[in-house]
Each structure stands twice: as C-alpha cells, then as structure tokens.
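Listing of work.pdb; format and content: PDB, C-alpha atoms, pLDDT in the B column.
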```pdb
ATOM      1  CA  GLU A 197     -20.513 -26.702  -9.741  1.00 75.00           C
ATOM      2  CA  TYR A 198     -21.989 -25.064 -12.833  1.00 78.00           C
ATOM      3  CA  PHE A 199     -21.172 -21.567 -11.595  1.00 75.00           C
ATOM      4  CA  SER A 200     -17.693 -22.564 -10.441  1.00 75.00           C
ATOM      5  CA  ASP A 201     -16.954 -23.936 -13.900  1.00 80.00           C
ATOM      6  CA  ARG A 202     -18.355 -20.812 -15.550  1.00 80.00           C
ATOM      7  CA  LEU A 203     -16.127 -18.578 -13.413  1.00 77.00           C
ATOM      8  CA  GLU A 204     -13.070 -20.382 -14.798  1.00 78.00           C
ATOM      9  CA  THR A 205     -14.038 -19.783 -18.414  1.00 83.00           C
ATOM     10  CA  HIS A 206     -16.198 -16.636 -18.395  1.00 80.00           C
ATOM     11  CA  SER A 207     -16.108 -13.126 -17.002  1.00 79.00           C
ATOM     12  CA  TRP A 208     -17.805 -12.189 -13.767  1.00 78.00           C
ATOM     13  CA  SER A 209     -20.397 -10.228 -15.782  1.00 80.00           C
ATOM     14  CA  ALA A 210     -21.354 -13.293 -17.835  1.00 82.00           C
ATOM     15  CA  VAL A 211     -21.688 -15.450 -14.712  1.00 82.00           C
ATOM     16  CA  LYS A 212     -23.883 -12.788 -13.069  1.00 82.00           C
ATOM     17  CA  LEU A 213     -26.196 -12.843 -16.107  1.00 85.00           C
ATOM     18  CA  ASP A 214     -26.545 -16.615 -15.748  1.00 84.00           C
ATOM     19  CA  LEU A 215     -27.332 -16.237 -12.057  1.00 83.00           C
ATOM     20  CA  TYR A 216     -29.939 -13.536 -12.713  1.00 85.00           C
ATOM     21  CA  GLY A 217     -31.455 -15.672 -15.464  1.00 87.00           C
ATOM     22  CA  LEU A 218     -31.782 -18.590 -13.050  1.00 85.00           C
ATOM     23  CA  LYS A 219     -33.338 -16.302 -10.465  1.00 86.00           C
ATOM     24  CA  PHE A 220     -35.841 -14.991 -13.045  1.00 89.00           C
ATOM     25  CA  PHE A 221     -36.686 -18.577 -14.111  1.00 89.00           C
ATOM     26  CA  TYR A 222     -37.423 -19.625 -10.516  1.00 86.00           C
ATOM     27  CA  ALA A 223     -39.445 -16.532  -9.613  1.00 88.00           C
ATOM     28  CA  HIS A 224     -41.416 -15.889 -12.826  1.00 90.00           C
ATOM     29  CA  VAL A 225     -41.620 -19.165 -14.724  1.00 91.00           C
ATOM     30  CA  LEU A 226     -41.704 -21.751 -11.958  1.00 90.00           C
ATOM     31  CA  ARG A 227     -43.329 -19.275  -9.533  1.00 90.00           C
ATOM     32  CA  LYS A 228     -41.188 -20.518  -6.692  1.00 88.00           C
ATOM     33  CA  PRO A 229     -39.579 -18.290  -4.122  1.00 86.00           C
ATOM     34  CA  TRP A 230     -35.921 -17.574  -4.756  1.00 81.00           C
ATOM     35  CA  VAL A 231     -33.755 -18.400  -1.791  1.00 79.00           C
ATOM     36  CA  ASN A 232     -30.690 -16.178  -1.726  1.00 75.00           C
ATOM     37  CA  VAL A 233     -27.896 -18.701  -1.745  1.00 68.00           C
ATOM     38  CA  ASP A 234     -24.313 -17.574  -2.160  1.00 70.00           C
ATOM     39  CA  LEU A 235     -23.837 -19.631  -5.293  1.00 65.00           C
ATOM     40  CA  VAL A 236     -21.285 -17.273  -6.705  1.00 66.00           C
ATOM     41  CA  LYS A 237     -19.141 -14.745  -4.921  1.00 67.00           C
ATOM     42  CA  PRO A 238     -17.789 -11.767  -6.830  1.00 65.00           C
ATOM     43  CA  PRO A 239     -14.055 -11.738  -7.370  1.00 65.00           C
ATOM     44  CA  LYS A 240     -12.124  -9.498  -5.042  1.00 66.00           C
ATOM     45  CA  GLY A 241     -11.215  -6.262  -6.706  1.00 67.00           C
ATOM     46  CA  GLN A 242      -7.550  -5.464  -6.999  1.00 67.00           C
ATOM     47  CA  ARG A 243      -6.535  -1.974  -6.026  1.00 69.00           C
ATOM     48  CA  LEU A 244      -3.421  -0.289  -7.212  1.00 66.00           C
ATOM     49  CA  PRO A 245      -1.114   0.740  -4.386  1.00 68.00           C
ATOM     50  CA  ASP A 246      -0.194   4.358  -3.959  1.00 74.00           C
ATOM     51  CA  ILE A 247       3.140   4.886  -5.628  1.00 80.00           C
ATOM     52  CA  VAL A 248       5.170   7.796  -4.422  1.00 85.00           C
ATOM     53  CA  THR A 249       6.920  10.058  -6.871  1.00 87.00           C
ATOM     54  CA  VAL A 250      10.707  10.285  -6.962  1.00 90.00           C
ATOM     55  CA  GLU A 251      10.517  13.613  -5.137  1.00 92.00           C
ATOM     56  CA  GLU A 252       8.236  12.170  -2.443  1.00 92.00           C
ATOM     57  CA  ALA A 253      10.560   9.173  -2.014  1.00 93.00           C
ATOM     58  CA  GLN A 254      13.516  11.515  -1.569  1.00 95.00           C
ATOM     59  CA  ARG A 255      11.583  13.489   1.055  1.00 95.00           C
ATOM     60  CA  LEU A 256      10.599  10.290   2.885  1.00 94.00           C
ATOM     61  CA  ILE A 257      14.131   8.949   2.956  1.00 96.00           C
ATOM     62  CA  GLN A 258      15.635  12.277   4.012  1.00 96.00           C
ATOM     63  CA  ALA A 259      13.037  12.684   6.780  1.00 96.00           C
ATOM     64  CA  THR A 260      13.777   9.233   8.225  1.00 96.00           C
ATOM     65  CA  GLN A 261      15.988   9.695  11.281  1.00 95.00           C
ATOM     66  CA  THR A 262      17.003   6.101  12.086  1.00 93.00           C
ATOM     67  CA  LEU A 263      19.795   4.916   9.794  1.00 94.00           C
ATOM     68  CA  SER A 264      18.617   1.298   9.478  1.00 94.00           C
ATOM     69  CA  TYR A 265      15.150   2.448   8.387  1.00 96.00           C
ATOM     70  CA  LYS A 266      16.600   5.090   6.086  1.00 97.00           C
ATOM     71  CA  VAL A 267      18.773   2.504   4.288  1.00 97.00           C
ATOM     72  CA  PHE A 268      15.903   0.005   4.274  1.00 97.00           C
ATOM     73  CA  PHE A 269      13.449   2.473   2.683  1.00 96.00           C
ATOM     74  CA  PHE A 270      16.030   3.527   0.087  1.00 96.00           C
ATOM     75  CA  THR A 271      16.717  -0.124  -0.770  1.00 97.00           C
ATOM     76  CA  LEU A 272      13.025  -0.977  -1.106  1.00 95.00           C
ATOM     77  CA  TYR A 273      12.399   1.984  -3.365  1.00 94.00           C
ATOM     78  CA  SER A 274      15.504   1.622  -5.524  1.00 95.00           C
ATOM     79  CA  LEU A 275      14.982  -2.110  -6.073  1.00 96.00           C
ATOM     80  CA  GLY A 276      11.182  -2.009  -6.283  1.00 93.00           C
ATOM     81  CA  LEU A 277      10.699  -4.501  -3.456  1.00 94.00           C
ATOM     82  CA  ARG A 278       7.787  -5.352  -1.243  1.00 92.00           C
ATOM     83  CA  LEU A 279       8.230  -5.011   2.506  1.00 93.00           C
ATOM     84  CA  GLY A 280       8.615  -8.747   3.170  1.00 93.00           C
ATOM     85  CA  GLU A 281      11.069  -9.141   0.298  1.00 95.00           C
ATOM     86  CA  GLY A 282      13.273  -6.439   1.775  1.00 96.00           C
ATOM     87  CA  LEU A 283      13.110  -7.911   5.272  1.00 96.00           C
ATOM     88  CA  ARG A 284      14.195 -11.333   3.962  1.00 95.00           C
ATOM     89  CA  LEU A 285      17.262 -10.013   2.129  1.00 96.00           C
ATOM     90  CA  THR A 286      20.518 -11.622   3.150  1.00 97.00           C
ATOM     91  CA  VAL A 287      24.118 -10.750   2.450  1.00 97.00           C
ATOM     92  CA  ALA A 288      24.278 -13.761   0.108  1.00 97.00           C
ATOM     93  CA  ASP A 289      21.429 -12.340  -2.002  1.00 97.00           C
ATOM     94  CA  ILE A 290      23.606  -9.442  -3.170  1.00 97.00           C
ATOM     95  CA  ASP A 291      25.593 -10.241  -6.300  1.00 97.00           C
ATOM     96  CA  ALA A 292      27.878  -7.220  -6.565  1.00 96.00           C
ATOM     97  CA  GLU A 293      29.826  -8.642  -9.492  1.00 97.00           C
ATOM     98  CA  ARG A 294      26.763  -9.070 -11.709  1.00 97.00           C
ATOM     99  CA  ARG A 295      24.997  -6.059 -10.169  1.00 97.00           C
ATOM    100  CA  ARG A 296      21.838  -7.914  -9.223  1.00 97.00           C
ATOM    101  CA  VAL A 297      19.880  -8.996  -6.170  1.00 97.00           C
ATOM    102  CA  HIS A 298      18.294 -12.412  -5.757  1.00 97.00           C
ATOM    103  CA  ILE A 299      14.796 -11.966  -4.326  1.00 96.00           C
ATOM    104  CA  ARG A 300      13.708 -15.244  -2.741  1.00 93.00           C
ATOM    105  CA  ASP A 301      10.145 -16.382  -2.109  1.00 86.00           C
ATOM    106  CA  ALA A 302       8.628 -13.326  -3.752  1.00 85.00           C
ATOM    107  CA  LYS A 303       4.961 -13.055  -4.662  1.00 81.00           C
ATOM    108  CA  GLY A 304       3.624 -16.436  -5.712  1.00 77.00           C
ATOM    109  CA  ASN A 305       6.554 -18.143  -3.944  1.00 82.00           C
ATOM    110  CA  LYS A 306       8.773 -17.366  -6.913  1.00 88.00           C
ATOM    111  CA  ASP A 307      12.344 -16.162  -6.982  1.00 93.00           C
ATOM    112  CA  ARG A 308      13.437 -13.307  -9.201  1.00 94.00           C
ATOM    113  CA  LEU A 309      16.533 -11.272  -9.954  1.00 95.00           C
ATOM    114  CA  VAL A 310      16.441  -7.472  -9.898  1.00 96.00           C
ATOM    115  CA  PRO A 311      19.091  -5.040 -11.107  1.00 97.00           C
ATOM    116  CA  LEU A 312      21.288  -3.534  -8.403  1.00 97.00           C
ATOM    117  CA  PRO A 313      22.068   0.155  -8.959  1.00 97.00           C
ATOM    118  CA  GLU A 314      25.584   1.289  -8.041  1.00 97.00           C
ATOM    119  CA  THR A 315      24.230   3.832  -5.530  1.00 97.00           C
ATOM    120  CA  THR A 316      22.263   1.140  -3.702  1.00 97.00           C
ATOM    121  CA  LEU A 317      25.252  -1.217  -3.664  1.00 98.00           C
ATOM    122  CA  GLU A 318      27.508   1.445  -2.155  1.00 98.00           C
ATOM    123  CA  LEU A 319      24.914   2.388   0.458  1.00 97.00           C
ATOM    124  CA  LEU A 320      24.420  -1.267   1.425  1.00 97.00           C
ATOM    125  CA  ARG A 321      28.173  -1.780   1.710  1.00 97.00           C
ATOM    126  CA  ARG A 322      28.542   1.250   4.016  1.00 97.00           C
ATOM    127  CA  PHE A 323      25.581   0.115   6.103  1.00 96.00           C
ATOM    128  CA  TRP A 324      26.908  -3.455   6.363  1.00 96.00           C
ATOM    129  CA  ARG A 325      30.292  -2.168   7.595  1.00 96.00           C
ATOM    130  CA  LEU A 326      28.430  -0.633  10.548  1.00 94.00           C
ATOM    131  CA  HIS A 327      26.544  -3.760  11.660  1.00 94.00           C
ATOM    132  CA  ARG A 328      28.666  -6.582  10.109  1.00 95.00           C
ATOM    133  CA  ASN A 329      25.976  -9.242  10.458  1.00 96.00           C
ATOM    134  CA  PRO A 330      27.271 -12.206   8.431  1.00 96.00           C
ATOM    135  CA  VAL A 331      23.781 -13.250   7.276  1.00 97.00           C
ATOM    136  CA  LEU A 332      21.171 -10.494   7.498  1.00 96.00           C
ATOM    137  CA  LEU A 333      21.255  -7.346   5.432  1.00 96.00           C
ATOM    138  CA  PHE A 334      18.845  -5.599   7.813  1.00 97.00           C
ATOM    139  CA  PRO A 335      19.303  -7.152  11.278  1.00 96.00           C
ATOM    140  CA  ASN A 336      16.910  -6.214  14.055  1.00 94.00           C
ATOM    141  CA  ARG A 337      17.781  -3.238  16.208  1.00 84.00           C
ATOM    142  CA  HIS A 338      17.257  -4.877  19.618  1.00 87.00           C
ATOM    143  CA  GLY A 339      20.377  -4.292  21.666  1.00 84.00           C
ATOM    144  CA  GLY A 340      21.800  -1.583  19.438  1.00 83.00           C
ATOM    145  CA  LEU A 341      24.607  -1.660  16.909  1.00 79.00           C
ATOM    146  CA  LYS A 342      26.803  -4.170  18.762  1.00 82.00           C
ATOM    147  CA  ALA A 343      23.977  -6.693  19.017  1.00 90.00           C
ATOM    148  CA  ALA A 344      23.104  -6.267  15.333  1.00 93.00           C
ATOM    149  CA  ALA A 345      26.220  -8.222  14.327  1.00 92.00           C
ATOM    150  CA  SER A 346      24.864 -11.352  15.987  1.00 94.00           C
ATOM    151  CA  ALA A 347      21.126 -10.799  15.431  1.00 94.00           C
ATOM    152  CA  SER A 348      19.278 -13.776  14.018  1.00 95.00           C
ATOM    153  CA  THR A 349      16.117 -11.927  12.980  1.00 95.00           C
ATOM    154  CA  PRO A 350      15.591  -9.021  10.573  1.00 96.00           C
ATOM    155  CA  LEU A 351      14.073  -5.634  11.338  1.00 95.00           C
ATOM    156  CA  ASP A 352      10.626  -5.900  12.881  1.00 94.00           C
ATOM    157  CA  ARG A 353       7.873  -5.621  10.258  1.00 94.00           C
ATOM    158  CA  GLY A 354       5.622  -3.672  12.613  1.00 94.00           C
ATOM    159  CA  GLY A 355       8.420  -1.292  13.545  1.00 94.00           C
ATOM    160  CA  VAL A 356       9.134  -0.607   9.873  1.00 95.00           C
ATOM    161  CA  GLN A 357       5.453   0.052   9.166  1.00 94.00           C
ATOM    162  CA  VAL A 358       4.991   2.357  12.168  1.00 95.00           C
ATOM    163  CA  THR A 359       8.129   4.297  11.262  1.00 95.00           C
ATOM    164  CA  LEU A 360       7.036   4.676   7.649  1.00 94.00           C
ATOM    165  CA  ARG A 361       3.578   5.917   8.702  1.00 93.00           C
ATOM    166  CA  LYS A 362       5.159   8.508  10.988  1.00 95.00           C
ATOM    167  CA  VAL A 363       7.565   9.701   8.302  1.00 95.00           C
ATOM    168  CA  VAL A 364       4.761   9.887   5.720  1.00 93.00           C
ATOM    169  CA  GLU A 365       2.732  11.980   8.157  1.00 93.00           C
ATOM    170  CA  THR A 366       5.726  14.226   8.873  1.00 93.00           C
ATOM    171  CA  CYS A 367       6.245  14.766   5.143  1.00 93.00           C
ATOM    172  CA  GLY A 368       2.548  15.504   4.618  1.00 90.00           C
ATOM    173  CA  ILE A 369       2.157  12.940   1.850  1.00 87.00           C
ATOM    174  CA  LYS A 370      -1.477  11.966   1.351  1.00 83.00           C
ATOM    175  CA  LYS A 371      -3.003   9.007  -0.426  1.00 71.00           C
ATOM    176  CA  ARG A 372      -4.375  10.058  -3.746  1.00 63.00           C
ATOM    177  CA  SER A 373      -6.685   8.665  -6.331  1.00 52.00           C
ATOM    178  CA  HIS A 374      -5.083   7.317  -9.466  1.00 47.00           C
ATOM    179  CA  PRO A 375      -5.840   9.743 -12.286  1.00 46.00           C
ATOM    180  CA  THR A 376      -5.846   8.444 -15.791  1.00 42.00           C
ATOM    181  CA  VAL A 377      -2.398   8.949 -17.208  1.00 42.00           C
ATOM    182  CA  PHE A 378      -3.784   9.997 -20.543  1.00 39.00           C
ATOM    183  CA  ALA A 379      -5.993  12.699 -19.059  1.00 39.00           C
ATOM    184  CA  THR A 380      -2.996  14.608 -17.726  1.00 39.00           C
ATOM    185  CA  ALA A 381      -0.425  13.775 -20.354  1.00 42.00           C
ATOM    186  CA  THR A 382       0.443  16.135 -23.161  1.00 42.00           C
ATOM    187  CA  PRO A 383       0.203  14.334 -26.498  1.00 42.00           C
ATOM    188  CA  HIS A 384       3.411  14.135 -28.504  1.00 44.00           C
ATOM    189  CA  THR A 385       3.134  14.949 -32.149  1.00 39.00           C
TER     190      THR A 385
END
```

When written as structure tokens, how does the structure in this file appear?
Amino acid sequence: EYFSDRLETHSWSAVKLDLYGLKFFYAHVLRKPWVNVDLVKPPKGQRLPDIVTVEEAQRLIQATQTLSYKVFFFTLYSLGLRLGEGLRLTVADIDAERRRVHIRDAKGNKDRLVPLPETTLELLRRFWRLHRNPVLLFPNRHGGLKAAASASTPLDRGGVQVTLRKVVETCGIKKRSHPTVFATATPHT
C-alpha cells in the first residue's frame, strides 16, 4: 500500500529509491535475506509512433490500389485519426456545413470534433456516391460495390492493416528513430 500511494504522488525514480532503501535496510541492518517481491512495477514506457512525412503519405496513398483503402488512408491522414476512429466513422459524423467531423468514442472514451478540410470532404462525397451506404462511411468490401450499400459492418481492421503493411513495403518506407528536432533544425535569428 505504501508503494502504491507513493506512485500516485512521486516519480518512478523516487519510488525506486525507497524500494532500494528498504532492501538495504533488510539486508544490511536487519541482516535478513531480501525476498524479491514485486512490490512495485515500473510504469510502461510510452513510445512515440512513427509519423510519416507529407511526401511519404502522398506516396502511400498513391501506391494504394484499392479505392476504399486509398480513401480511408487519405481520410485518416488528413483528419489525424487512429485506425479504430476511422473505421467507426458514419455518414452522420460528417458535418459539411460546419466543416468538422465528430469523432465518437475516441481515446479515453471521449468524443472530439476535428476540422474537415475541403479536399477530404469532396473525396468523401465522391466515394460515398459510389457505395451509397446510408450509415457507414467505409462499409466492408464483402460482396463488392453493390453489397457495400447494404453492409452493416465497416472495413475489416485486419484487412486495412495488412494492406497498409504491403503498401509501406512497396514504397520502401522504413521505421526510423525519432531524432531530436533541435539537433537537425537550423536556428532562426
């Protein structure tokens, strides 16, 4: 309980010092063997995702052969959405008049509104005219274009991921480490 409380109010480094102090006290003062108990687990590190450049995004989208995936990837990139957020988009989420998209159940189960660029709106309109599903913006592709109008499920998450991996490989885009922005930037005077 002590360590759990400390984790809420102190950094991981401070909690580790307390744990090592307790270990030292047991081993060297009390002369008792220290039993390795997982009293405290380190917090999971958060990694930054690889973010493609504008040029890489253009290459990815242009290299995508299937129209539904091409439009989907463009929409994700232009709106800054996560995969699941894009898959859950419905026709009702698009507010063309106010030029915004309602993202439902985003990270942390929160809703948010994102700006809708004109280019994305026009692309989505053209794409919708092809499938005409009254609910889903990206209906599944089972049964082809005619079946898309009555589909009740969105594009398959696994299919989207496999397609993206293949396109990334085709484009030759590699994961890269995240250099410090300041190390490569030219200072402005």

**Item:** Result set of the PyMOL selection byres ((chain A and resi 320) around 12) on the coordinates above, as JSON, numbers by chain
**Value:** {"A": [263, 264, 266, 267, 268, 269, 270, 271, 272, 274, 285, 286, 287, 289, 290, 291, 292, 297, 312, 313, 314, 315, 316, 317, 318, 319, 321, 322, 323, 324, 325, 326, 327, 328, 332, 333, 334]}

**Prompt:** Quick one: of A:Lys212, A:Arg202, A:Arg278, A:Arg255, who's nearest to Arg353 (chain A), counting only C-alpha atoms?
**Reply:** A:Arg278

**Request:** Mind checking which residues fall within 7 Å of Leu283 (chain A), counting all atoms listed in the file, ignoring those fewer than 3 positions away in the same chain, and posting them as a list of chain:residue names?
**Result:**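 In the requested format, the answer is A:Leu279, A:Gly280, A:Phe334, A:Pro350, A:Leu351.
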
Expected file contents, prior selection, C-alpha atoms, as a short mmCIF file (atom, residue, chain, number, x, y, z; two decimals), in the coordinates of the input:
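This went into selection.cif:
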```
data_model
loop_
_atom_site.label_atom_id
_atom_site.label_comp_id
_atom_site.auth_asym_id
_atom_site.auth_seq_id
_atom_site.Cartn_x
_atom_site.Cartn_y
_atom_site.Cartn_z
CA LEU A 279 8.23 -5.01 2.51
CA GLY A 280 8.62 -8.75 3.17
CA PHE A 334 18.84 -5.60 7.81
CA PRO A 350 15.59 -9.02 10.57
CA LEU A 351 14.07 -5.63 11.34
#
```

Return the padded bounding box of region 302-319 of chain A as AutoDock Vina command-line options: axis-aligned, built from all atoms listed in the file, 8 Å added on each side, with centre and edge lengths in Å to one decimal.
```
--center_x 15.6 --center_y -7.2 --center_z -5.3 --size_x 39.9 --size_y 38.0 --size_z 27.6
```

**Prompt:** Which residue out of A:His224, A:Tyr216, A:Ile247, A:Val356 has the minimum interatomic distance to Lys371 (chain A) when all atoms listed in the file are used?
**Reply:**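 Smallest distance to Lys371 (chain A) is found for A:Ile247.
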
**Item:** Residues in the PyMOL selection byres ((chain A and resi 218) around 12), expressed as a ChimeraX atom specification
**Value:** /A:198-199,211-217,219-226,228-233,235

**Prompt:** Hey, what comes out of the PyMOL selection byres ((chain A and resi 363-365) around 10) on this file? Could you write it as a PyMOL selection string?
**Reply:** chain A and resi 252-253+255-261+357-362+366-371

**Message:** Rounded to one decimal, what separation in Å do you get between CA of Asn336 (chain A) and CA of Pro311 (chain A)?
**Reply:**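 Computed distance, CA of Asn336 (chain A) to CA of Pro311 (chain A), equals 25.3 Å.
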
**Prompt:** A:Tyr265, A:Ser209, A:Tyr273, A:Ala343: which is nearest Gly355 (chain A), counting only C-alpha atoms?
**Reply:** A:Tyr265

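Reported to one decimal place, the separation of CA of Gln254 (chain A) from CA of Thr349 (chain A) is 27.7 Å.
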
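Interatomic distance, CA of Ser348 (chain A) to CA of Asp301 (chain A): 18.7 Å.
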